[in-house]
>>> print(open('run-v9.txt').read())   # compact mmCIF, C-alpha atoms
# COMPACT_ATOMS: atom_id res chain seq x y z
CA MET A 4 -60.51 -180.70 -146.90
CA ASP A 5 -62.77 -177.81 -147.83
CA PHE A 6 -60.55 -174.80 -147.23
CA PHE A 7 -57.60 -176.24 -149.18
CA SER A 8 -59.73 -175.99 -152.32
CA THR A 9 -60.33 -172.28 -151.90
CA LEU A 10 -56.71 -171.62 -151.03
CA SER A 11 -55.51 -173.60 -154.03
CA LEU A 12 -57.48 -171.27 -156.29
CA SER A 13 -56.00 -168.20 -154.67
CA VAL A 14 -52.49 -169.48 -155.36
CA ILE A 15 -53.04 -169.45 -159.12
CA GLY A 16 -52.48 -166.18 -160.93
CA ARG A 17 -51.47 -164.11 -157.92
CA ALA A 18 -48.66 -161.87 -156.90
CA SER A 19 -47.08 -162.90 -153.61
CA PHE A 20 -48.53 -160.14 -151.49
CA ARG A 21 -51.99 -160.59 -153.01
CA PHE A 22 -51.92 -164.33 -152.24
CA LEU A 23 -51.04 -163.79 -148.60
CA LEU A 24 -53.69 -161.09 -148.26
CA THR A 25 -56.36 -163.31 -149.85
CA THR A 26 -55.37 -166.19 -147.59
CA ALA A 27 -55.60 -164.03 -144.50
CA LEU A 28 -59.07 -162.79 -145.48
CA LEU A 29 -60.33 -166.31 -146.19
CA ILE A 30 -59.06 -167.62 -142.89
CA SER A 31 -59.81 -164.76 -140.51
CA ALA A 32 -63.56 -165.36 -140.57
CA GLN A 33 -63.13 -168.97 -139.47
CA ALA A 34 -60.12 -168.82 -137.17
CA THR A 35 -61.79 -167.84 -133.89
CA SER A 36 -61.70 -171.23 -132.19
CA ALA A 37 -57.93 -171.71 -132.48
CA GLN A 38 -57.37 -168.19 -131.19
CA ARG A 39 -59.06 -169.34 -128.02
CA GLY A 40 -56.68 -172.31 -127.94
CA GLU A 41 -59.46 -174.89 -128.35
CA VAL A 42 -59.64 -176.50 -131.79
CA LEU A 43 -57.11 -176.11 -134.60
CA THR A 44 -58.87 -175.94 -137.96
CA LEU A 45 -57.27 -176.62 -141.32
CA PRO A 46 -57.31 -172.96 -142.45
CA GLU A 47 -55.56 -171.97 -139.23
CA ALA A 48 -52.89 -174.61 -139.84
CA ILE A 49 -52.46 -173.29 -143.38
CA GLN A 50 -52.26 -169.70 -142.14
CA LYS A 51 -49.53 -170.56 -139.68
CA THR A 52 -47.59 -172.53 -142.28
CA LEU A 53 -47.77 -169.85 -144.97
CA ALA A 54 -46.62 -167.25 -142.47
CA GLN A 55 -43.67 -169.19 -141.05
CA ASN A 56 -42.67 -172.08 -143.32
CA PRO A 57 -39.07 -171.55 -144.56
CA GLN A 58 -39.87 -172.99 -147.99
CA ILE A 59 -42.15 -170.03 -148.66
CA ALA A 60 -40.25 -167.45 -146.64
CA VAL A 61 -37.26 -167.58 -149.02
CA PHE A 62 -39.23 -166.24 -152.00
CA PRO A 63 -39.49 -162.61 -150.80
CA LEU A 64 -35.72 -162.66 -150.35
CA GLN A 65 -35.26 -163.99 -153.87
CA GLN A 66 -37.59 -161.29 -155.17
CA TRP A 67 -35.48 -158.75 -153.35
CA ALA A 68 -32.36 -160.18 -154.97
CA LEU A 69 -33.99 -159.85 -158.40
CA ASP A 70 -34.78 -156.22 -157.66
CA GLY A 71 -31.06 -155.67 -157.22
CA ALA A 72 -30.31 -157.65 -160.38
CA GLU A 73 -32.81 -155.54 -162.34
CA PHE A 74 -31.19 -152.33 -161.09
CA THR A 75 -27.78 -153.60 -162.18
CA ALA A 76 -29.08 -154.80 -165.55
CA GLY A 77 -30.51 -151.35 -166.29
CA LEU A 78 -27.23 -149.54 -165.74
CA ARG A 79 -25.57 -148.01 -168.77
CA PRO A 80 -21.83 -148.57 -169.46
CA ALA A 81 -19.54 -147.03 -166.87
CA TRP A 82 -17.46 -143.93 -167.56
CA ASP A 83 -13.72 -144.06 -166.94
CA PHE A 84 -11.54 -141.06 -166.13
CA GLY A 85 -7.88 -141.23 -167.06
CA PHE A 86 -4.94 -138.95 -166.37
CA GLU A 87 -1.43 -139.19 -167.88
CA ALA A 88 1.71 -137.13 -167.31
CA GLU A 89 4.67 -137.47 -169.67
CA TYR A 90 8.01 -135.75 -169.04
CA ALA A 91 10.30 -135.82 -172.08
CA VAL A 92 14.02 -134.77 -172.11
CA TYR A 93 15.79 -134.08 -175.43
CA GLY A 94 19.62 -134.25 -175.49
CA ASP A 95 22.02 -132.40 -177.79
CA ASP A 96 22.10 -135.41 -180.13
CA GLY A 97 18.32 -135.21 -180.57
CA SER A 98 17.65 -138.30 -178.54
CA SER A 99 14.92 -138.15 -175.97
CA SER A 100 13.95 -139.83 -172.78
CA SER A 101 10.69 -139.50 -170.99
CA SER A 102 9.36 -140.20 -167.55
CA SER A 103 5.91 -140.55 -166.19
CA GLY A 104 7.09 -141.69 -162.79
CA SER A 105 6.09 -145.26 -163.55
CA PRO A 106 8.13 -148.32 -162.42
CA GLY A 107 10.71 -149.38 -164.99
CA ARG A 108 11.00 -145.91 -166.53
CA PRO A 109 13.63 -143.20 -165.93
CA GLY A 110 12.84 -140.85 -163.13
CA PRO A 111 13.06 -137.04 -163.14
CA PRO A 112 16.25 -135.64 -164.71
CA SER A 113 19.24 -134.80 -162.55
CA ASP A 114 21.22 -131.54 -162.42
CA ASP A 115 23.49 -132.88 -165.19
CA ASP A 116 20.64 -132.55 -167.62
CA ASP A 117 20.19 -128.79 -167.28
CA ASP A 118 21.34 -128.23 -170.86
CA ASP A 119 18.81 -130.64 -172.27
CA ASP A 120 15.40 -129.60 -173.64
CA LYS A 121 12.51 -130.66 -171.45
CA GLU A 122 8.84 -131.09 -172.21
CA LEU A 123 5.97 -131.89 -169.82
CA GLU A 124 2.72 -133.13 -171.32
CA LEU A 125 -0.46 -133.64 -169.27
CA THR A 126 -3.44 -135.53 -170.67
CA ALA A 127 -6.86 -135.98 -169.06
CA SER A 128 -9.45 -138.19 -170.73
CA LEU A 129 -12.89 -139.74 -170.41
CA SER A 130 -13.77 -143.10 -171.95
CA SER A 131 -16.75 -145.41 -172.14
CA VAL A 132 -18.55 -147.88 -174.38
CA ILE A 133 -21.51 -147.41 -176.69
CA GLU A 134 -23.67 -150.52 -176.38
CA LEU A 135 -25.24 -151.68 -179.62
CA GLY A 136 -27.76 -154.40 -180.37
CA GLY A 137 -30.15 -153.65 -177.49
CA LYS A 138 -27.98 -155.29 -174.82
CA ARG A 139 -29.34 -153.19 -171.96
CA GLN A 140 -32.98 -154.03 -172.71
CA ALA A 141 -32.01 -157.68 -173.24
CA ARG A 142 -30.48 -157.78 -169.76
CA ILE A 143 -33.65 -156.28 -168.27
CA ASP A 144 -35.77 -158.82 -170.16
CA VAL A 145 -33.72 -161.65 -168.68
CA VAL A 146 -34.34 -160.38 -165.14
CA ASN A 147 -38.08 -159.96 -165.83
CA ALA A 148 -38.23 -163.52 -167.15
CA GLN A 149 -36.44 -164.71 -164.01
CA ARG A 150 -39.05 -162.88 -161.97
CA ASP A 151 -41.89 -164.63 -163.82
CA LEU A 152 -40.19 -167.98 -163.29
CA LEU A 153 -39.75 -167.23 -159.59
CA ILE A 154 -43.47 -166.44 -159.27
CA ALA A 155 -44.32 -169.76 -160.94
CA ASP A 156 -41.93 -171.58 -158.61
CA GLU A 157 -43.47 -169.82 -155.63
CA GLN A 158 -46.95 -170.87 -156.71
CA ALA A 159 -45.84 -174.48 -157.18
CA THR A 160 -44.08 -174.49 -153.81
CA ALA A 161 -47.14 -172.98 -152.12
CA LEU A 162 -49.30 -175.77 -153.55
CA ASP A 163 -46.81 -178.38 -152.37
CA VAL A 164 -46.82 -176.89 -148.87
CA LEU A 165 -50.62 -176.68 -148.80
CA ALA A 166 -50.84 -180.33 -149.84
CA GLU A 167 -48.36 -181.26 -147.13
CA VAL A 168 -50.43 -179.41 -144.54
CA VAL A 169 -53.58 -181.21 -145.69
CA ARG A 170 -51.85 -184.59 -145.51
CA GLY A 171 -50.53 -183.82 -142.04
CA TYR A 172 -53.93 -182.58 -140.89
CA ALA A 173 -55.59 -185.73 -142.28
CA GLN A 174 -53.10 -187.84 -140.32
CA VAL A 175 -54.04 -185.98 -137.14
CA LEU A 176 -57.77 -186.42 -137.82
CA ALA A 177 -57.34 -190.12 -138.55
CA ALA A 178 -55.18 -190.61 -135.45
CA ALA A 179 -57.86 -188.88 -133.34
CA GLU A 180 -60.56 -191.15 -134.79
CA LEU A 181 -58.38 -194.22 -134.23
CA LEU A 182 -57.88 -193.16 -130.64
CA ILE A 183 -61.68 -192.98 -130.24
CA LEU A 184 -61.85 -196.45 -131.77
CA GLU A 185 -59.21 -197.80 -129.38
CA LYS A 186 -61.12 -196.38 -126.45
CA GLU A 187 -64.22 -198.08 -127.81
CA LYS A 188 -62.22 -201.29 -127.95
CA VAL A 189 -61.33 -200.81 -124.27
CA SER A 190 -65.00 -200.28 -123.48
CA LEU A 191 -66.01 -203.42 -125.39
CA ALA A 192 -63.25 -205.40 -123.69
CA GLN A 193 -64.49 -204.22 -120.31
CA GLU A 194 -68.07 -205.21 -121.18
CA ALA A 195 -66.81 -208.61 -122.34
CA LEU A 196 -64.87 -209.04 -119.11
CA ASP A 197 -67.96 -208.20 -117.07
CA ALA A 198 -69.96 -210.77 -119.02
CA VAL A 199 -67.24 -213.39 -118.57
CA ILE A 200 -67.02 -212.74 -114.83
CA THR A 201 -70.76 -213.16 -114.55
CA ARG A 202 -70.60 -216.48 -116.35
CA VAL A 203 -67.55 -217.65 -114.36
CA ASN A 204 -69.24 -216.76 -111.09
CA ALA A 205 -72.24 -218.75 -112.26
CA ALA A 206 -69.91 -221.69 -113.07
CA ALA A 207 -71.05 -221.42 -116.71
CA SER A 208 -67.54 -220.67 -118.06
CA PRO A 209 -64.06 -221.74 -117.01
CA ILE A 210 -61.70 -219.41 -115.14
CA ALA A 211 -59.40 -219.42 -118.20
CA GLU A 212 -61.98 -217.34 -120.08
CA ARG A 213 -61.82 -214.68 -117.39
CA MET A 214 -58.02 -214.65 -117.68
CA ARG A 215 -58.25 -214.29 -121.44
CA ALA A 216 -60.76 -211.46 -121.06
CA GLU A 217 -58.51 -209.71 -118.54
CA SER A 218 -55.56 -210.01 -120.94
CA ALA A 219 -57.66 -208.69 -123.79
CA LEU A 220 -58.62 -205.66 -121.67
CA ALA A 221 -54.97 -205.03 -120.76
CA ASN A 222 -53.94 -205.25 -124.41
CA ALA A 223 -56.73 -202.87 -125.39
CA ILE A 224 -55.54 -200.36 -122.80
CA LEU A 225 -51.96 -200.63 -124.10
CA ALA A 226 -53.16 -200.17 -127.68
CA ALA A 227 -55.09 -197.03 -126.66
CA GLU A 228 -51.99 -195.61 -124.98
CA ALA A 229 -49.89 -196.35 -128.07
CA GLN A 230 -52.46 -194.65 -130.31
CA GLU A 231 -52.47 -191.65 -128.02
CA ARG A 232 -48.70 -191.36 -128.50
CA MET A 233 -49.16 -191.65 -132.27
CA LEU A 234 -51.68 -188.81 -132.12
CA SER A 235 -49.10 -186.70 -130.29
CA TYR A 236 -46.51 -187.55 -132.94
CA TYR A 237 -48.77 -186.48 -135.82
CA LYS A 238 -49.60 -183.27 -133.99
CA TYR A 239 -45.90 -182.54 -133.59
CA ALA A 240 -45.29 -183.36 -137.26
CA LEU A 241 -48.07 -181.04 -138.37
CA SER A 242 -47.09 -178.12 -136.15
CA ALA A 243 -43.45 -178.52 -137.23
CA LEU A 244 -44.53 -177.24 -140.65
CA TRP A 245 -44.87 -173.77 -139.14
CA GLY A 246 -41.80 -174.15 -136.96
CA GLN A 247 -43.52 -174.53 -133.58
CA PRO A 248 -43.78 -178.27 -132.73
CA THR A 249 -46.51 -178.77 -130.15
CA GLN A 250 -49.39 -181.07 -129.26
CA ASP A 251 -51.34 -178.50 -127.30
CA PHE A 252 -54.26 -178.30 -129.69
CA ALA A 253 -57.35 -180.32 -130.47
CA VAL A 254 -59.09 -181.13 -133.75
CA ASP A 255 -62.65 -181.87 -134.78
CA SER A 256 -62.19 -185.44 -136.01
CA SER A 257 -65.60 -185.44 -137.71
CA VAL A 258 -63.96 -183.37 -140.47
CA LEU A 259 -62.33 -186.63 -141.54
CA PHE A 260 -65.67 -187.70 -143.06
CA ARG A 261 -66.19 -184.60 -145.18
CA PHE A 262 -65.20 -185.48 -148.72
CA GLU A 263 -64.88 -183.64 -152.00
CA PRO A 264 -67.03 -185.06 -154.83
CA ASN A 265 -65.52 -187.00 -157.70
CA ALA A 266 -64.62 -185.49 -161.06
CA SER A 267 -63.84 -187.21 -164.35
CA PHE A 268 -60.23 -187.95 -165.10
CA ASP A 269 -60.35 -186.12 -168.44
CA VAL A 270 -61.51 -182.93 -166.76
CA LEU A 271 -58.89 -183.24 -164.06
CA TYR A 272 -56.12 -183.89 -166.58
CA GLU A 273 -57.12 -180.81 -168.54
CA ARG A 274 -56.93 -178.79 -165.34
CA ALA A 275 -53.58 -180.31 -164.43
CA GLN A 276 -51.99 -178.88 -167.56
CA GLU A 277 -52.51 -175.44 -166.02
CA ASN A 278 -50.73 -176.44 -162.81
CA PRO A 279 -47.92 -174.03 -161.86
CA SER A 280 -45.39 -176.87 -162.08
CA ILE A 281 -46.39 -177.24 -165.75
CA ALA A 282 -47.10 -173.57 -166.42
CA ARG A 283 -43.62 -172.71 -165.16
CA PHE A 284 -42.23 -174.23 -168.34
CA ALA A 285 -43.76 -171.28 -170.22
CA SER A 286 -41.91 -168.93 -167.87
CA GLU A 287 -38.74 -170.96 -168.28
CA GLU A 288 -39.16 -170.83 -172.05
CA ARG A 289 -39.40 -167.04 -171.89
CA LEU A 290 -36.28 -166.99 -169.74
CA ARG A 291 -34.35 -169.15 -172.21
CA ALA A 292 -35.59 -166.98 -175.09
CA SER A 293 -34.39 -163.89 -173.22
CA HIS A 294 -31.00 -165.51 -172.67
CA LEU A 295 -30.82 -166.30 -176.40
CA HIS A 296 -31.73 -162.71 -177.29
CA LEU A 297 -29.07 -161.40 -174.94
CA THR A 298 -26.50 -163.79 -176.39
CA GLN A 299 -27.38 -162.70 -179.91
CA ALA A 300 -27.15 -159.06 -178.86
CA LYS A 301 -23.63 -159.69 -177.64
CA SER A 302 -22.68 -160.66 -181.19
CA THR A 303 -23.03 -156.99 -182.10
CA PRO A 304 -19.72 -155.33 -181.13
CA ASP A 305 -19.74 -152.39 -178.78
CA ILE A 306 -17.88 -149.22 -179.75
CA GLY A 307 -15.34 -148.06 -177.24
CA TRP A 308 -14.50 -144.35 -177.30
CA TYR A 309 -12.37 -141.86 -175.46
CA ALA A 310 -11.98 -138.09 -175.48
CA GLY A 311 -9.33 -136.09 -173.71
CA TYR A 312 -7.50 -132.87 -173.30
CA ARG A 313 -3.70 -132.60 -173.67
CA ASN A 314 -1.55 -129.73 -172.42
CA ASP A 315 2.13 -129.15 -173.37
CA LYS A 316 3.72 -126.94 -170.74
CA GLU A 317 6.93 -126.29 -172.67
CA ASP A 318 5.32 -125.04 -175.87
CA ASP A 319 2.16 -123.88 -174.14
CA GLU A 320 0.09 -125.89 -176.58
CA ASN A 321 -3.30 -127.49 -175.95
CA ALA A 322 -4.93 -130.29 -177.90
CA VAL A 323 -8.13 -132.30 -177.88
CA VAL A 324 -7.71 -136.07 -178.20
CA VAL A 325 -10.52 -138.26 -179.55
CA GLY A 326 -10.45 -141.93 -180.48
CA PHE A 327 -12.49 -145.13 -180.67
CA ASN A 328 -12.01 -148.88 -180.91
CA VAL A 329 -14.15 -151.74 -182.17
CA PRO A 330 -13.47 -155.42 -181.35
CA LEU A 331 -13.19 -157.62 -184.43
CA PHE A 332 -14.91 -160.94 -185.18
CA THR A 333 -17.28 -160.63 -182.18
CA GLY A 334 -20.10 -162.51 -183.90
CA ARG A 335 -17.89 -165.41 -184.81
CA ARG A 336 -16.47 -165.72 -181.32
CA ASN A 337 -20.01 -165.61 -179.85
CA ARG A 338 -21.46 -168.25 -182.17
CA GLY A 339 -20.86 -171.13 -179.77
CA LYS A 340 -22.83 -169.44 -176.99
CA GLU A 341 -25.70 -168.80 -179.39
CA ILE A 342 -25.85 -172.48 -180.31
CA SER A 343 -25.88 -173.47 -176.61
CA ALA A 344 -28.67 -170.96 -175.87
CA MET A 345 -30.78 -172.27 -178.77
CA ALA A 346 -30.30 -175.85 -177.56
CA GLU A 347 -31.43 -174.89 -174.04
CA LEU A 348 -34.51 -173.18 -175.49
CA GLU A 349 -35.44 -176.29 -177.46
CA GLN A 350 -34.90 -178.47 -174.40
CA VAL A 351 -37.56 -176.60 -172.40
CA GLN A 352 -40.33 -177.83 -174.69
CA LEU A 353 -39.10 -181.40 -174.41
CA ASP A 354 -38.95 -181.06 -170.62
CA ARG A 355 -42.57 -179.85 -170.60
CA GLU A 356 -43.69 -182.85 -172.66
CA ALA A 357 -41.79 -185.19 -170.33
CA ALA A 358 -43.42 -183.56 -167.30
CA LEU A 359 -46.88 -184.03 -168.83
CA LEU A 360 -46.14 -187.69 -169.53
CA LYS A 361 -45.07 -188.10 -165.91
CA LEU A 362 -48.10 -186.18 -164.68
CA TYR A 363 -50.59 -188.47 -166.45
CA PRO A 364 -49.93 -191.67 -164.42
CA GLN A 365 -49.55 -189.68 -161.20
CA LEU A 366 -52.96 -188.10 -161.62
CA PHE A 367 -54.56 -191.34 -162.80
CA LEU A 368 -53.25 -193.22 -159.76
CA ALA A 369 -54.48 -190.50 -157.40
CA VAL A 370 -57.94 -190.39 -158.99
CA THR A 371 -58.49 -194.15 -159.09
CA SER A 372 -57.08 -194.66 -155.59
CA ARG A 373 -59.33 -191.94 -154.22
CA GLU A 374 -62.37 -193.47 -155.91
CA GLN A 375 -61.51 -196.84 -154.40
CA ALA A 376 -61.10 -195.29 -150.94
CA LEU A 377 -64.46 -193.52 -151.29
CA ALA A 378 -66.09 -196.81 -152.25
CA ILE A 379 -64.61 -198.49 -149.17
CA VAL A 380 -65.85 -195.72 -146.89
CA ASP A 381 -69.32 -195.87 -148.40
CA GLU A 382 -69.54 -199.65 -148.16
CA MET A 383 -68.25 -199.74 -144.60
CA GLN A 384 -70.41 -196.81 -143.57
CA ASN A 385 -73.72 -197.96 -145.02
CA THR A 386 -73.51 -201.74 -145.08
CA VAL A 387 -70.69 -203.49 -143.25
CA ILE A 388 -70.48 -201.58 -139.98
CA PRO A 389 -74.24 -201.41 -139.25
CA THR A 390 -74.50 -205.13 -139.94
CA LEU A 391 -71.53 -205.98 -137.73
CA ARG A 392 -72.88 -203.82 -134.91
CA LYS A 393 -76.14 -205.73 -134.99
CA ALA A 394 -74.23 -209.01 -135.14
CA LEU A 395 -72.10 -208.07 -132.13
CA SER A 396 -75.21 -207.12 -130.18
CA GLU A 397 -76.80 -210.48 -130.99
CA VAL A 398 -73.64 -212.44 -130.17
CA ASP A 399 -73.21 -210.58 -126.88
CA ARG A 400 -76.81 -211.25 -125.89
CA ALA A 401 -76.48 -214.91 -126.88
CA TYR A 402 -73.17 -215.27 -125.03
CA ARG A 403 -74.72 -213.99 -121.83
CA ARG A 404 -77.39 -216.62 -122.24
CA GLY A 405 -74.81 -219.35 -122.84
CA ARG A 406 -75.63 -219.95 -126.49
CA TYR A 407 -72.27 -218.71 -127.92
CA SER A 408 -68.71 -219.20 -126.76
CA TYR A 409 -66.21 -216.53 -125.72
CA VAL A 410 -64.31 -217.08 -128.99
CA GLU A 411 -67.39 -216.12 -131.01
CA LEU A 412 -67.86 -213.00 -128.89
CA ILE A 413 -64.26 -211.90 -129.42
CA SER A 414 -64.45 -212.69 -133.14
CA ALA A 415 -67.58 -210.55 -133.59
CA ARG A 416 -65.99 -207.71 -131.65
CA GLU A 417 -62.75 -207.79 -133.70
CA GLU A 418 -64.65 -207.90 -136.97
CA LEU A 419 -66.51 -204.73 -136.02
CA LEU A 420 -63.34 -202.96 -134.88
CA ASP A 421 -61.49 -203.99 -138.03
CA ALA A 422 -64.29 -202.60 -140.17
CA GLU A 423 -64.26 -199.33 -138.23
CA ARG A 424 -60.48 -199.15 -138.62
CA SER A 425 -60.73 -199.82 -142.36
CA ARG A 426 -63.29 -197.04 -142.65
CA ILE A 427 -61.03 -194.56 -140.89
CA VAL A 428 -57.96 -195.53 -142.91
CA ALA A 429 -59.95 -195.28 -146.14
CA ALA A 430 -61.28 -191.85 -145.14
CA ARG A 431 -57.71 -190.70 -144.49
CA SER A 432 -56.72 -192.00 -147.93
CA VAL A 433 -59.56 -190.05 -149.53
CA HIS A 434 -58.12 -186.81 -148.14
CA VAL A 435 -54.52 -187.71 -148.93
CA TYR A 436 -55.32 -188.58 -152.55
CA GLY A 437 -57.64 -185.59 -152.77
CA ALA A 438 -54.83 -183.31 -151.65
CA GLU A 439 -52.59 -184.84 -154.32
CA ILE A 440 -55.26 -184.28 -156.99
CA GLU A 441 -55.74 -180.68 -155.93
CA ARG A 442 -51.97 -180.18 -155.91
CA LEU A 443 -51.68 -181.55 -159.43
CA THR A 444 -54.69 -179.67 -160.78
CA ALA A 445 -54.48 -176.55 -158.60
CA ARG A 446 -58.28 -176.57 -158.53
CA PRO A 447 -60.88 -177.43 -155.86
CA LEU A 448 -63.02 -180.55 -155.87
CA GLY A 449 -65.82 -179.26 -153.64
CA VAL A 450 -67.14 -180.81 -150.43
CA VAL A 451 -69.62 -183.53 -149.49
CA VAL A 452 -70.31 -184.71 -145.94
CA VAL A 453 -70.70 -188.31 -144.79
CA GLU A 454 -72.27 -188.63 -141.37
CA SER A 455 -70.45 -190.78 -138.84
CA SER A 456 -72.11 -194.03 -137.79
CA ARG A 457 -71.26 -193.40 -134.16
>>> encode(input="run-v9.txt", output="structure tokens")
Amino acid sequence: MDFFSTLSLSVIGRASFRFLLTTALLISAQATSAQRGEVLTLPEAIQKTLAQNPQIAVFPLQQWALDGAEFTAGLRPAWDFGFEAEYAVYGDDGSSSSSSGSPGRPGPPSDDDDDDDKELELTASLSSVIELGGKRQARIDVVNAQRDLLIADEQATALDVLAEVVRGYAQVLAAAELLILEKEKVSLAQEALDAVITRVNAAASPIAERMRAESALANAILAAEAQERMLSYYKYALSALWGQPTQDFAVDSSVLFRFEPNASFDVLYERAQENPSIARFASEERLRASHLHLTQAKSTPDIGWYAGYRNDKEDDENAVVVGFNVPLFTGRRNRGKEISAMAELEQVQLDREAALLKLYPQLFLAVTSREQALAIVDEMQNTVIPTLRKALSEVDRAYRRGRYSYVELISAREELLDAERSRIVAARSVHVYGAEIERLTARPLGVVVVESSR
């Protein structure tokens, strides 16, 4: 799948908008046929999927959410405005009562209190917090680390989606080739029936052979119809990736026999360690480190302060009120969160090592399976199928001359069809395993073309 290789490269080290722009430029030069509604190419399928697949569409929304989180993280401590009114009444015995109009407190004095001394105090104040320990920058660093992690997740998801598109496209190509094969089987069954009828009419074969040939033709027709439905299913499955299930498109099935060249496992494994799914651990490590820094910053207590203005109406006195407060034992109370943050930071490295250990057998299986599938295609293409075609031609000619039986004719025909089917299935496997290798390595393999034997 040639275009998947180029697109895989564009996914790595890109911002989201740059990736979509690069993809559009790569595809636009080769997308003319599908615009005419004729043949759907792989880059066109990828373009549609990247534009409309929900798995990718959510990332701009998450980026938008992080923009809001960054704005909030950059805010300085809020300012509070306070206002207090205190009404104090002093009796002849020197006792006092006060009222601020609050529930549970005495209300305004009655007329019986006219001989008492009264004082009204009004206080207006502003208060806030002085953040210490770099908390504001630590919050911003956490959001920036989340943004880096989101970009890595987006890259990994894009590769997963691209691989899924390639697998779906390979299924469509293989189904189209199998449909051609089933139609060839119908044609061969019809030729066999014609030969049997000729021999039956010449009293050289029993009528039972004609019945068997007619049944074989009917079964071949049914198999072709079933394969045509399978082709429709794979088309629906592929187009569902961009949210518009349809079978109203064609494909060039010869693309099935265009293969990427092999690469050594050691080279591929080295590339795989730069895969976004592995590289994201570096972003996650930065995020955990930012969380730890923020947690440590919270161990530094913030200083709360207030400043106000007080007015005494009775004595016509004014005063400025200033104060501050500092929470005690903040570092000790925050120690548990620091320990948890350090443990999470250490866990990221272990998770990365575990992911690499899991990646190794996955990549090895994909590489060896692809090599085996390529070997099958090559052997079938260059040796088995040409030989079986010649054998079928000889058996058919000999059958018409009465030298071979109908069973030998059918056996030669089925051997050829089975070999063709094995070749198609192996070619599909080459692309499926190739897509998995490119997903794991996030690098292209290149393209080689194997001509069809038809």
>>> atom_distance(input="run-v9.txt", atom1="atom CA of Pro248 of chain A", atom2="atom CA of Ile59 of chain A")
18.0 Å
>>> atom_distance(input="run-v9.txt", atom1="atom CA of Glu277 of chain A", atom2="atom CA of Leu162 of chain A")
12.9 Å
>>> closest_residue(input="run-v9.txt", among="A:Asp163, A:Glu89, A:Glu374, A:Glu157", to="Gly437 of chain A", atoms="only C-alpha atoms")
A:Glu374
>>> axis_aligned_box(input="run-v9.txt", around="segment 273-277 of chain A", padding_each_side="5 Å", output="JSON")
{"center_x": -54.6, "center_y": -178.1, "center_z": -166.5, "size_x": 15.1, "size_y": 15.4, "size_z": 14.1}
>>> residues_near_point(input="run-v9.txt", point="(-63.0, -202.9, -127.5)", cutoff="8 Å", atoms="only C-alpha atoms", output="PDB file with C-alpha atoms, in the coordinates of the input")
ATOM      1  CA  LEU A 184     -61.850-196.450-131.770  1.00  0.00           C
ATOM      2  CA  GLU A 185     -59.210-197.800-129.380  1.00  0.00           C
ATOM      3  CA  LYS A 186     -61.120-196.380-126.450  1.00  0.00           C
ATOM      4  CA  GLU A 187     -64.220-198.080-127.810  1.00  0.00           C
ATOM      5  CA  LYS A 188     -62.220-201.290-127.950  1.00  0.00           C
ATOM      6  CA  VAL A 189     -61.330-200.810-124.270  1.00  0.00           C
ATOM      7  CA  SER A 190     -65.000-200.280-123.480  1.00  0.00           C
ATOM      8  CA  LEU A 191     -66.010-203.420-125.390  1.00  0.00           C
ATOM      9  CA  ALA A 192     -63.250-205.400-123.690  1.00  0.00           C
ATOM     10  CA  GLN A 193     -64.490-204.220-120.310  1.00  0.00           C
ATOM     11  CA  LEU A 220     -58.620-205.660-121.670  1.00  0.00           C
ATOM     12  CA  ALA A 223     -56.730-202.870-125.390  1.00  0.00           C
ATOM     13  CA  ARG A 416     -65.990-207.710-131.650  1.00  0.00           C
ATOM     14  CA  GLU A 417     -62.750-207.790-133.700  1.00  0.00           C
ATOM     15  CA  LEU A 420     -63.340-202.960-134.880  1.00  0.00           C
TER      16      LEU A 420
END
>>> atom_distance(input="run-v9.txt", atom1="atom CA of Ser128 of chain A", atom2="atom CA of Phe332 of chain A")
27.5 Å
>>> closest_residue(input="run-v9.txt", among="A:Ala394, A:Val435, A:Leu290, A:Ile224", to="Glu347 of chain A", atoms="all atoms listed in the file")
A:Leu290
>>> closest_residue(input="run-v9.txt", among="A:Val146, A:Ala179, A:Ala206, A:Ala376", to="Arg291 of chain A", atoms="only C-alpha atoms")
A:Val146
>>> residues_around(input="run-v9.txt", residues="Tyr172 of chain A", least_positions_apart="2", cutoff="9 Å", atoms="only C-alpha atoms", output="number ranges by chain")
A: 44-45, 48, 167-170, 174-177, 237-238, 241, 254
>>> closest_residue(input="run-v9.txt", among="A:Ala369, A:Ala216, A:Leu152, A:Ala422", to="Gln384 of chain A", atoms="only C-alpha atoms")
A:Ala422
>>> closest_residue(input="run-v9.txt", among="A:Glu341, A:Glu217, A:Asp156, A:Asp255", to="Phe284 of chain A", atoms="all atoms listed in the file")
A:Asp156
>>> closest_residue(input="run-v9.txt", among="A:Ala229, A:Ile306, A:Val351, A:Ala346", to="Asn328 of chain A", atoms="only C-alpha atoms")
A:Ile306
>>> residues_around(input="run-v9.txt", residues="Glu411 of chain A", least_positions_apart="6", cutoff="10 Å", atoms="all atoms listed in the file", output="ChimeraX atom specification")
/A:395,398-399,402,417
